[in-house]
>>> print(open('work-v9.cif').read())   # mmCIF, C-alpha atoms
data_work
#
loop_
_atom_site.label_atom_id
_atom_site.label_comp_id
_atom_site.auth_asym_id
_atom_site.auth_seq_id
_atom_site.Cartn_x
_atom_site.Cartn_y
_atom_site.Cartn_z
CA MET A 10 -37.93 -44.77 -24.25
CA THR A 11 -40.91 -42.75 -25.50
CA LYS A 12 -40.64 -39.20 -26.79
CA PHE A 13 -42.58 -37.96 -23.74
CA SER A 14 -40.22 -39.79 -21.38
CA LYS A 15 -37.18 -38.27 -23.08
CA GLN A 16 -38.67 -34.76 -22.82
CA PHE A 17 -39.55 -35.32 -19.16
CA LEU A 18 -36.07 -36.64 -18.33
CA SER A 19 -34.42 -33.74 -20.20
CA SER A 20 -36.55 -31.22 -18.32
CA LEU A 21 -35.76 -32.91 -15.02
CA LEU A 22 -31.99 -32.82 -15.68
CA ILE A 23 -32.11 -29.15 -16.69
CA GLY A 24 -34.09 -28.38 -13.55
CA LEU A 25 -31.56 -30.18 -11.37
CA LEU A 26 -28.68 -28.34 -13.02
CA LEU A 27 -30.32 -24.95 -12.57
CA ALA A 28 -31.53 -25.60 -9.03
CA PRO A 29 -28.17 -25.13 -7.24
CA ALA A 30 -27.68 -21.69 -8.78
CA ALA A 31 -31.20 -20.64 -7.84
CA PHE A 32 -30.86 -21.95 -4.30
CA ALA A 33 -27.39 -20.39 -3.93
CA LYS A 34 -28.77 -16.97 -4.80
CA GLU A 35 -31.69 -17.39 -2.41
CA ASP A 36 -29.48 -18.78 0.37
CA SER A 37 -26.97 -15.93 0.02
CA HIS A 38 -29.63 -13.26 0.47
CA GLU A 39 -31.11 -15.28 3.32
CA LEU A 40 -27.70 -15.52 5.02
CA LEU A 41 -27.18 -11.76 4.70
CA ALA A 42 -30.65 -11.20 6.15
CA LYS A 43 -29.77 -13.44 9.12
CA THR A 44 -26.53 -11.52 9.60
CA PHE A 45 -28.48 -8.26 9.59
CA GLN A 46 -30.93 -9.62 12.16
CA GLN A 47 -28.42 -11.19 14.56
CA SER A 48 -26.17 -8.10 14.56
CA ASP A 49 -29.06 -5.73 15.16
CA ILE A 50 -28.23 -4.27 18.57
CA TRP A 51 -29.82 -0.95 17.53
CA THR A 52 -33.51 -1.85 17.79
CA GLN A 53 -33.69 -3.53 21.20
CA GLY A 54 -33.84 -0.78 23.78
CA PRO A 55 -31.22 1.66 25.10
CA VAL A 56 -27.61 0.74 24.33
CA LYS A 57 -24.29 2.20 25.43
CA LEU A 58 -21.22 1.28 23.40
CA VAL A 59 -17.71 2.21 24.48
CA ALA A 60 -14.69 1.53 22.26
CA GLN A 61 -11.04 1.88 23.16
CA VAL A 62 -9.61 2.76 19.77
CA GLN A 63 -5.90 2.26 19.02
CA LEU A 64 -4.03 4.30 16.43
CA PRO A 65 -0.56 3.05 15.39
CA LYS A 66 2.18 5.67 15.79
CA GLN A 67 5.03 6.17 13.37
CA GLY A 68 8.12 4.62 14.90
CA GLY A 69 6.10 2.18 17.02
CA GLY A 70 3.61 2.29 19.85
CA GLU A 71 -0.06 3.30 19.92
CA VAL A 72 -2.32 6.19 20.83
CA THR A 73 -5.65 5.31 22.47
CA VAL A 74 -8.81 7.34 21.87
CA GLU A 75 -12.24 6.65 23.39
CA TYR A 76 -15.37 6.45 21.29
CA THR A 77 -18.73 6.47 23.11
CA VAL A 78 -22.21 5.82 21.72
CA SER A 79 -25.29 6.63 23.80
CA TRP A 80 -28.27 5.18 21.91
CA ALA A 81 -31.70 5.81 23.40
CA GLY A 82 -33.47 4.72 20.22
CA PRO A 83 -33.44 5.21 16.44
CA GLU A 84 -34.76 8.76 16.90
CA LYS A 85 -32.39 9.83 19.67
CA TRP A 86 -28.65 9.11 20.00
CA ARG A 87 -25.25 10.69 20.63
CA THR A 88 -21.68 9.73 19.65
CA GLU A 89 -18.48 11.28 20.99
CA TRP A 90 -14.74 11.02 20.33
CA SER A 91 -12.60 12.13 23.25
CA ALA A 92 -8.88 12.35 24.02
CA ASN A 93 -6.35 15.00 24.97
CA GLY A 94 -6.92 17.86 22.57
CA LEU A 95 -9.80 16.13 20.76
CA GLN A 96 -13.51 16.75 21.02
CA GLN A 97 -15.99 15.59 18.41
CA VAL A 98 -19.70 15.17 19.12
CA THR A 99 -22.65 14.13 16.96
CA VAL A 100 -26.21 14.31 18.30
CA PHE A 101 -29.39 13.11 16.61
CA ASN A 102 -32.71 14.16 18.13
CA ASN A 103 -36.17 14.97 16.79
CA GLY A 104 -35.15 14.70 13.14
CA LYS A 105 -32.13 16.99 13.57
CA LEU A 106 -28.50 15.86 13.18
CA SER A 107 -26.01 18.19 14.92
CA TYR A 108 -22.23 17.99 14.62
CA LEU A 109 -19.45 19.76 16.52
CA THR A 110 -15.68 19.27 16.35
CA ASN A 111 -12.57 21.17 17.37
CA GLN A 112 -10.66 19.70 14.41
CA THR A 113 -9.92 21.76 11.29
CA ALA A 114 -10.57 18.81 8.95
CA PRO A 115 -12.45 15.49 9.12
CA LEU A 116 -10.48 12.72 10.85
CA LEU A 117 -9.92 9.88 8.39
CA TRP A 118 -9.32 7.19 11.03
CA ALA A 119 -12.48 8.20 12.90
CA LEU A 120 -14.56 8.07 9.71
CA LEU A 121 -13.16 4.64 8.85
CA PHE A 122 -13.78 3.25 12.34
CA GLU A 123 -17.38 4.49 12.31
CA SER A 124 -17.85 3.08 8.80
CA ALA A 125 -16.52 -0.31 9.93
CA LEU A 126 -18.83 -0.29 12.94
CA ALA A 127 -21.80 0.58 10.72
CA THR A 128 -20.89 -2.21 8.29
CA SER A 129 -20.96 -4.75 11.14
CA SER A 130 -24.76 -4.37 11.10
CA LEU A 131 -24.87 -3.86 7.31
CA GLY A 132 -25.37 -0.14 7.84
CA ASN A 133 -28.63 -0.47 9.77
CA PRO A 134 -30.18 3.04 9.47
CA ALA A 135 -31.58 2.72 13.00
CA GLY A 136 -28.00 2.85 14.29
CA PRO A 137 -25.97 5.91 15.27
CA PHE A 138 -24.40 6.49 11.86
CA THR A 139 -24.30 9.29 9.29
CA VAL A 140 -23.35 6.88 6.48
CA ALA A 141 -26.04 5.23 4.37
CA PRO A 142 -26.81 1.48 4.59
CA LEU A 143 -25.39 -1.09 2.16
CA ASP A 144 -27.42 -1.73 -0.99
CA TRP A 145 -27.39 -5.55 -0.66
CA ASP A 146 -31.06 -6.53 -0.32
CA LYS A 147 -31.88 -6.78 -4.05
CA ALA A 148 -28.34 -6.85 -5.41
CA LYS A 149 -27.00 -9.65 -7.58
CA LEU A 150 -24.66 -11.65 -5.35
CA ASP A 151 -21.59 -13.50 -6.58
CA THR A 152 -20.73 -16.12 -3.96
CA SER A 153 -17.45 -17.81 -3.08
CA LYS A 154 -15.70 -19.47 -0.14
CA LYS A 155 -12.71 -18.24 1.85
CA LYS A 156 -10.79 -19.75 4.74
CA ILE A 157 -10.64 -17.26 7.62
CA GLY A 158 -8.80 -18.82 10.53
CA SER A 159 -10.49 -22.17 11.09
CA VAL A 160 -13.78 -21.04 9.52
CA ASP A 161 -14.93 -21.85 5.98
CA ALA A 162 -16.48 -18.45 5.42
CA ARG A 163 -19.07 -17.73 2.77
CA CYS A 164 -18.34 -14.55 0.82
CA MET A 165 -20.77 -12.43 -1.20
CA GLU A 166 -19.63 -9.83 -3.72
CA PHE A 167 -22.01 -7.20 -5.00
CA GLY A 168 -22.25 -3.66 -6.31
CA GLU A 169 -20.52 -1.85 -9.16
CA LEU A 170 -17.37 -1.41 -7.07
CA LYS A 171 -17.47 -4.93 -5.62
CA ASP A 172 -18.10 -4.85 -1.88
CA THR A 173 -17.33 -8.30 -0.47
CA LEU A 174 -18.80 -9.55 2.81
CA CYS A 175 -17.53 -12.82 4.30
CA ILE A 176 -19.75 -14.52 6.88
CA ASP A 177 -19.48 -17.55 9.13
CA PRO A 178 -22.48 -19.60 7.89
CA ALA A 179 -22.74 -21.46 11.22
CA THR A 180 -23.29 -18.30 13.30
CA SER A 181 -24.21 -15.67 10.65
CA HIS A 182 -21.45 -13.48 12.11
CA LEU A 183 -19.80 -11.05 9.71
CA MET A 184 -16.07 -11.85 9.68
CA SER A 185 -14.71 -9.40 7.12
CA ALA A 186 -15.73 -6.72 4.64
CA ASP A 187 -13.47 -5.76 1.73
CA GLU A 188 -13.82 -2.68 -0.45
CA VAL A 189 -10.96 -2.82 -2.99
CA PHE A 190 -8.40 -0.88 -0.93
CA LEU A 191 -9.86 -1.35 2.55
CA SER A 192 -10.48 -4.37 4.73
CA TYR A 193 -12.59 -4.51 7.89
CA GLU A 194 -12.12 -7.45 10.27
CA TYR A 195 -14.53 -8.54 13.03
CA SER A 196 -13.93 -11.10 15.80
CA ASP A 197 -14.67 -12.11 19.41
CA TYR A 198 -18.45 -11.97 19.14
CA VAL A 199 -20.52 -11.92 22.33
CA ALA A 200 -24.27 -11.94 22.92
CA SER A 201 -26.16 -8.74 23.66
CA GLY A 202 -29.83 -9.45 24.23
CA SER A 203 -30.99 -11.53 21.25
CA ALA A 204 -28.24 -10.02 19.07
CA SER A 205 -24.46 -10.17 19.14
CA TYR A 206 -21.58 -7.85 18.34
CA PRO A 207 -17.83 -8.14 17.69
CA GLN A 208 -15.63 -7.10 20.61
CA SER A 209 -12.67 -6.61 18.24
CA LEU A 210 -12.67 -4.50 15.08
CA LYS A 211 -9.77 -3.65 12.74
CA VAL A 212 -9.45 -1.46 9.65
CA SER A 213 -6.56 -2.02 7.22
CA PHE A 214 -5.49 -0.28 4.01
CA ASN A 215 -3.51 -2.44 1.59
CA LYS A 216 -3.05 -4.91 4.48
CA GLN A 217 -1.55 -2.23 6.74
CA LEU A 218 -3.44 -1.58 9.98
CA ILE A 219 -4.90 1.93 10.19
CA VAL A 220 -7.08 1.71 13.27
CA GLY A 221 -8.40 -0.97 15.63
CA GLY A 222 -10.66 -1.06 18.65
CA LYS A 223 -12.06 -3.11 21.54
CA LEU A 224 -15.81 -2.74 22.01
CA THR A 225 -18.02 -3.10 25.07
CA VAL A 226 -21.83 -2.91 24.95
CA THR A 227 -24.18 -2.50 27.93
CA ARG A 228 -27.96 -2.30 28.06
CA GLY A 229 -30.47 -0.67 30.35
CA ASP A 230 -28.67 2.66 30.75
CA LYS A 231 -30.90 5.62 31.56
CA PHE A 232 -29.70 8.61 29.60
CA ALA A 233 -30.47 12.15 30.72
CA ASP A 234 -32.42 14.17 28.12
CA SER A 235 -29.74 16.87 28.31
CA LEU A 236 -27.29 14.44 26.71
CA PHE A 237 -29.21 14.75 23.44
CA THR A 238 -29.27 18.54 23.33
CA ALA A 239 -27.39 19.92 20.31
CA PRO A 240 -24.02 21.41 21.38
CA GLU A 241 -23.64 25.16 21.09
CA LYS A 242 -22.24 26.36 17.77
CA SER A 243 -22.85 22.97 16.17
CA THR A 244 -23.80 22.48 12.51
CA THR A 245 -27.32 21.06 12.15
CA ILE A 246 -29.11 19.39 9.23
CA ASP A 247 -32.49 17.69 8.83
CA LEU A 248 -32.51 13.88 8.79
CA PRO A 249 -35.86 12.08 8.31
CA SER A 250 -36.76 10.02 11.35
CA CYS A 251 -39.28 7.37 12.37
CA ALA A 252 -39.43 4.58 14.95
CA ASP A 253 -39.26 1.81 12.30
CA VAL A 254 -36.52 3.31 10.12
CA ASP A 255 -34.78 -0.09 9.96
CA LYS A 256 -37.74 -1.32 7.87
CA ASN A 257 -38.45 1.97 6.07
CA PHE A 258 -35.48 2.89 3.90
CA THR A 259 -33.96 2.53 0.44
CA ALA A 260 -30.18 2.37 0.28
CA PRO A 261 -28.43 4.54 -2.33
CA HIS A 262 -26.03 3.25 -4.94
CA LEU A 263 -23.51 4.94 -7.19
CA ASN A 264 -24.86 5.54 -10.69
CA LYS A 265 -22.17 7.79 -12.09
CA PRO A 266 -18.52 7.46 -11.02
CA ILE A 267 -16.00 9.70 -12.77
CA THR A 268 -12.41 8.83 -13.63
CA PRO A 269 -10.13 11.64 -12.37
CA LYS A 270 -7.80 13.43 -14.74
CA MET A 271 -4.14 13.21 -13.74
CA PRO A 272 -2.69 16.75 -13.38
CA ASP A 273 0.09 17.38 -15.92
CA GLU A 274 2.46 18.79 -13.30
CA ALA A 275 1.95 15.80 -10.99
CA LYS A 276 2.46 13.43 -13.94
CA LYS A 277 5.78 15.12 -14.77
CA LYS A 278 6.90 14.72 -11.14
CA GLY A 279 5.74 11.09 -11.04
CA GLU A 280 3.36 11.79 -8.16
CA TYR A 281 0.90 8.92 -7.93
CA GLY A 282 -1.09 7.29 -5.13
CA VAL A 283 -4.53 7.73 -3.61
CA VAL A 284 -6.50 10.69 -2.29
CA TRP A 285 -9.16 10.25 0.40
CA VAL A 286 -12.22 12.43 -0.17
CA LEU A 287 -15.29 12.95 2.03
CA ALA A 288 -18.38 13.40 -0.14
CA ASN A 289 -21.46 15.11 1.30
CA VAL A 290 -24.35 13.86 -0.84
CA GLY A 291 -27.59 15.83 -1.13
CA GLN A 292 -31.17 14.63 -1.15
CA ASP A 293 -31.17 14.27 -4.95
CA GLY A 294 -28.07 12.05 -4.92
CA SER A 295 -25.67 14.66 -6.25
CA VAL A 296 -22.47 15.54 -4.38
CA GLN A 297 -22.90 18.90 -2.64
CA LYS A 298 -19.35 19.11 -1.33
CA ALA A 299 -16.16 17.06 -1.74
CA THR A 300 -13.39 17.56 0.83
CA MET A 301 -9.91 16.03 0.75
CA ILE A 302 -9.15 14.36 4.08
CA ALA A 303 -5.81 12.65 3.25
CA GLY A 304 -3.39 12.19 0.38
CA ASN A 305 -1.08 14.20 -1.87
CA PRO A 306 -2.16 17.89 -1.93
CA ASP A 307 -1.00 18.16 -5.56
CA LEU A 308 -3.74 15.67 -6.49
CA ASN A 309 -6.41 17.34 -4.35
CA ALA A 310 -8.12 19.43 -7.05
CA ALA A 311 -8.28 16.56 -9.55
CA ALA A 312 -9.70 14.16 -6.94
CA THR A 313 -12.34 16.50 -5.55
CA ASN A 314 -13.36 17.67 -9.05
CA ALA A 315 -14.03 14.05 -10.02
CA VAL A 316 -15.99 13.25 -6.86
CA ASN A 317 -18.05 16.43 -7.24
CA GLN A 318 -19.43 14.92 -10.46
CA TYR A 319 -20.52 11.63 -8.86
CA LYS A 320 -24.22 10.81 -8.97
CA PHE A 321 -26.03 8.48 -6.55
CA THR A 322 -29.61 7.30 -6.42
CA PRO A 323 -31.37 9.09 -3.53
CA TYR A 324 -31.13 7.67 -0.02
CA MET A 325 -34.70 7.33 1.28
CA ARG A 326 -35.54 7.29 5.00
CA CYS A 327 -39.07 7.13 6.37
CA GLY A 328 -40.47 8.00 2.94
CA LYS A 329 -38.28 11.10 2.46
CA PRO A 330 -34.93 11.73 0.73
CA ALA A 331 -31.99 12.21 3.09
CA GLU A 332 -28.48 13.60 2.94
CA PHE A 333 -25.59 11.24 3.68
CA GLN A 334 -21.78 10.98 3.61
CA ARG A 335 -19.39 8.71 1.73
CA VAL A 336 -15.64 8.30 2.03
CA VAL A 337 -14.19 7.95 -1.48
CA VAL A 338 -10.71 6.67 -2.32
CA VAL A 339 -9.55 8.24 -5.59
CA PRO A 340 -6.55 6.36 -7.08
CA PHE A 341 -4.00 7.91 -9.41
CA ALA A 342 -2.13 4.99 -10.98
CA PRO A 343 1.06 5.14 -13.05
CA PRO A 344 0.50 4.70 -16.83
CA ALA A 345 1.62 1.06 -16.73
CA GLN A 346 -1.22 0.19 -14.34
CA PRO A 347 -4.98 0.29 -15.03
CA ALA A 348 -6.55 3.53 -13.84
CA ASN A 349 -9.48 2.66 -11.57
CA GLN A 350 -12.41 4.90 -10.94
CA GLY A 351 -12.97 6.33 -7.49
CA VAL A 352 -13.94 3.79 -4.89
CA THR A 353 -16.68 4.66 -2.42
CA LEU A 354 -16.24 3.18 1.02
CA GLY A 355 -18.41 2.33 3.97
CA HIS A 356 -21.83 2.30 2.25
#
>>> encode(input="work-v9.cif", output="structure tokens")
Amino acid sequence: MTKFSKQFLSSLLIGLLLAPAAFAKEDSHELLAKTFQQSDIWTQGPVKLVAQVQLPKQGGGEVTVEYTVSWAGPEKWRTEWSANGLQQVTVFNNGKLSYLTNQTAPLLWALLFESALATSSLGNPAGPFTVAPLDWDKAKLDTSKKKIGSVDARCMEFGELKDTLCIDPATSHLMSADEVFLSYEYSDYVASGSASYPQSLKVSFNKQLIVGGKLTVTRGDKFADSLFTAPEKSTTIDLPSCADVDKNFTAPHLNKPITPKMPDEAKKKGEYGVVWVLANVGQDGSVQKATMIAGNPDLNAAATNAVNQYKFTPYMRCGKPAEFQRVVVVPFAPPAQPANQGVTLGH
């Protein structure tokens, strides 16, 4: 064999060895793009979504709450939670996001359900969500396989805090999304126009069900303009808007997580666990306000102080920076266990 032939054969073998990795990376991004496209019910005309949401009760049984989305387009939509004693409305219209609730604190289960619903379309910014989209488009993807029911799902892990999306490669349907402590499950897909959506959605924490819902989507509804009027006494912020926002955005990512300091008094008492914090992130990516929404009150100050120091890259919409929200799980682990940094959820 000549020297040239040996060099050619060596180059060919190296190319064949490297090719699967290159194709795997390309195929993974392509599969995520297909998932984004097929789940995109938010750019195909007016949509009404109604969810019957079940909350497990202590001691057994369930409480049902209704969640309604009236989506006239990416620049005009309304969401509403309703039940006995509960009213919570969000309206987006003409670049203004207005929010009204009769609750004294944010509802964790409602935030998690909305986050799970947003994740089902990879956080499409054209949808009726206040969370930011997932930063998957240019992320390095670590791929694996997982058996979910009878499906050999393809899973993609990305991001500093390791979001994992598992997809049915035959249909491009998102089957699950895991974020360290949380797991979202999606099933019973049905067609809606050229897209599809899961009729069943579940959110679990450490494998324990927190909230689940049954979804129904209809098209062609004619919404009255009055439906998109900001409620009286609502809180209103600016949110950049444009008709093609689904193609005109840059997702934020966490640049600077902070490890919380365990309070001495709580350490003496052996008080460990997690604290759920809602972070309101400003246009520059810094946290403007951190609010505890669940967890041990004795760990509240330490958790919110840590989250207040988080730093994100800006979330860009329609060429302008935008405010957004993140739910953060702040763990306080016993000394024998590794102390994780705060974990941002939902996007």
>>> resolve_selection(input="work-v9.cif", expression="the PyMOL selection byres ((chain A and resi 174) around 9)", output="VMD selection string")
chain A and resid 41 163 to 167 172 to 173 175 to 176 183 to 187
>>> residues_around(input="work-v9.cif", residues="stretch 84-89 of chain A", least_positions_apart="5", cutoff="8 Å", atoms="all atoms listed in the file", output="JSON, numbers by chain")
{"A": [76, 77, 78, 79, 96, 97, 98, 99, 100, 101, 102, 103, 104, 135, 137, 236, 237, 250, 251, 252]}
>>> resolve_selection(input="work-v9.cif", expression="the PyMOL selection byres ((chain A and resi 58) around 8)", output="number ranges by chain")
A: 56-57, 59-60, 77-79, 224-227
>>> write_last_selection(input="work-v9.cif", atoms="C-alpha atoms", output="compact mmCIF listing (two decimals), in the frame of the given file")
# COMPACT_ATOMS: atom_id res chain seq x y z
CA VAL A 56 -27.61 0.74 24.33
CA LYS A 57 -24.29 2.20 25.43
CA VAL A 59 -17.71 2.21 24.48
CA ALA A 60 -14.69 1.53 22.26
CA THR A 77 -18.73 6.47 23.11
CA VAL A 78 -22.21 5.82 21.72
CA SER A 79 -25.29 6.63 23.80
CA LEU A 224 -15.81 -2.74 22.01
CA THR A 225 -18.02 -3.10 25.07
CA VAL A 226 -21.83 -2.91 24.95
CA THR A 227 -24.18 -2.50 27.93
>>> residues_around(input="work-v9.cif", residues="A:Ala162", least_positions_apart="4", cutoff="9 Å", atoms="all atoms listed in the file", output="compact mmCIF listing (two decimals) with C-alpha atoms, in the frame of the given file")
# COMPACT_ATOMS: atom_id res chain seq x y z
CA SER A 153 -17.45 -17.81 -3.08
CA LYS A 154 -15.70 -19.47 -0.14
CA LYS A 155 -12.71 -18.24 1.85
CA LYS A 156 -10.79 -19.75 4.74
CA ILE A 157 -10.64 -17.26 7.62
CA CYS A 175 -17.53 -12.82 4.30
CA ILE A 176 -19.75 -14.52 6.88
CA ASP A 177 -19.48 -17.55 9.13
CA PRO A 178 -22.48 -19.60 7.89
CA MET A 184 -16.07 -11.85 9.68
>>> closest_residue(input="work-v9.cif", among="A:Cys327, A:Val337, A:Ile246, A:Leu308", to="A:Leu106", atoms="all atoms listed in the file")
A:Ile246
>>> resolve_selection(input="work-v9.cif", expression="the PyMOL selection byres ((chain A and resi 133) around 8)", output="VMD selection string")
chain A and resid 45 49 51 127 130 to 132 134 to 136 142 255
>>> closest_residue(input="work-v9.cif", among="A:Ser192, A:Asn314, A:Ser129, A:Thr245", to="A:Tyr206", atoms="all atoms listed in the file")
A:Ser129
>>> residues_around(input="work-v9.cif", residues="A:Ser209", least_positions_apart="6", cutoff="6 Å", atoms="all atoms listed in the file", output="PyMOL selection string")
chain A and resi 195-197+222-223
>>> closest_residue(input="work-v9.cif", among="A:Phe333, A:Phe122, A:Tyr108, A:Tyr198", to="A:Gly291", atoms="only C-alpha atoms")
A:Phe333
>>> residues_near_point(input="work-v9.cif", point="(-12.6, 10.0, 1.2)", cutoff="6 Å", atoms="all atoms listed in the file", output="ChimeraX atom specification")
/A:285-287,336-338
>>> residues_around(input="work-v9.cif", residues="A:Val62", least_positions_apart="3", cutoff="6 Å", atoms="all atoms listed in the file", output="PyMOL selection string")
chain A and resi 73-75+221-222
>>> atom_distance(input="work-v9.cif", atom1="atom CA of A:Pro272", atom2="atom CA of A:Ala303")
17.4 Å
>>> atom_distance(input="work-v9.cif", atom1="atom CA of A:Glu123", atom2="atom CA of A:Gln334")
11.7 Å
>>> atom_distance(input="work-v9.cif", atom1="atom CA of A:Leu40", atom2="atom CA of A:Gly82")
26.0 Å
>>> residues_around(input="work-v9.cif", residues="A:Val339", least_positions_apart="5", cutoff="12 Å", atoms="all atoms listed in the file", output="PyMOL selection string")
chain A and resi 189-190+266-271+281-288+299-305+308-317+319+348-354
>>> closest_residue(input="work-v9.cif", among="A:Gln47, A:Leu150, A:Leu126, A:Leu263", to="A:Gln208", atoms="all atoms listed in the file")
A:Leu126
>>> decode(input="work-v9.cif", residues="stretch 66-83 of chain A", atoms="C-alpha atoms", output="mmCIF file, in the first residue's frame")
data_model
loop_
_atom_site.group_PDB
_atom_site.id
_atom_site.type_symbol
_atom_site.label_atom_id
_atom_site.label_comp_id
_atom_site.auth_asym_id
_atom_site.auth_seq_id
_atom_site.Cartn_x
_atom_site.Cartn_y
_atom_site.Cartn_z
ATOM 1 C CA LYS A 66 -55.687 17.379 48.509
ATOM 2 C CA GLN A 67 -54.015 16.283 51.701
ATOM 3 C CA GLY A 68 -55.807 13.203 52.944
ATOM 4 C CA GLY A 69 -57.007 12.244 49.457
ATOM 5 C CA GLY A 70 -59.266 13.619 46.763
ATOM 6 C CA GLU A 71 -58.789 16.507 44.342
ATOM 7 C CA VAL A 72 -59.748 20.135 43.830
ATOM 8 C CA THR A 73 -60.518 21.216 40.249
ATOM 9 C CA VAL A 74 -59.689 24.690 38.961
ATOM 10 C CA GLU A 75 -60.350 25.994 35.442
ATOM 11 C CA TYR A 76 -57.674 27.684 33.374
ATOM 12 C CA THR A 77 -58.765 29.511 30.203
ATOM 13 C CA VAL A 78 -56.629 30.996 27.439
ATOM 14 C CA SER A 79 -58.172 33.308 24.841
ATOM 15 C CA TRP A 80 -55.497 33.870 22.184
ATOM 16 C CA ALA A 81 -56.373 36.262 19.368
ATOM 17 C CA GLY A 82 -52.762 36.496 18.210
ATOM 18 C CA PRO A 83 -49.215 37.032 19.497
#
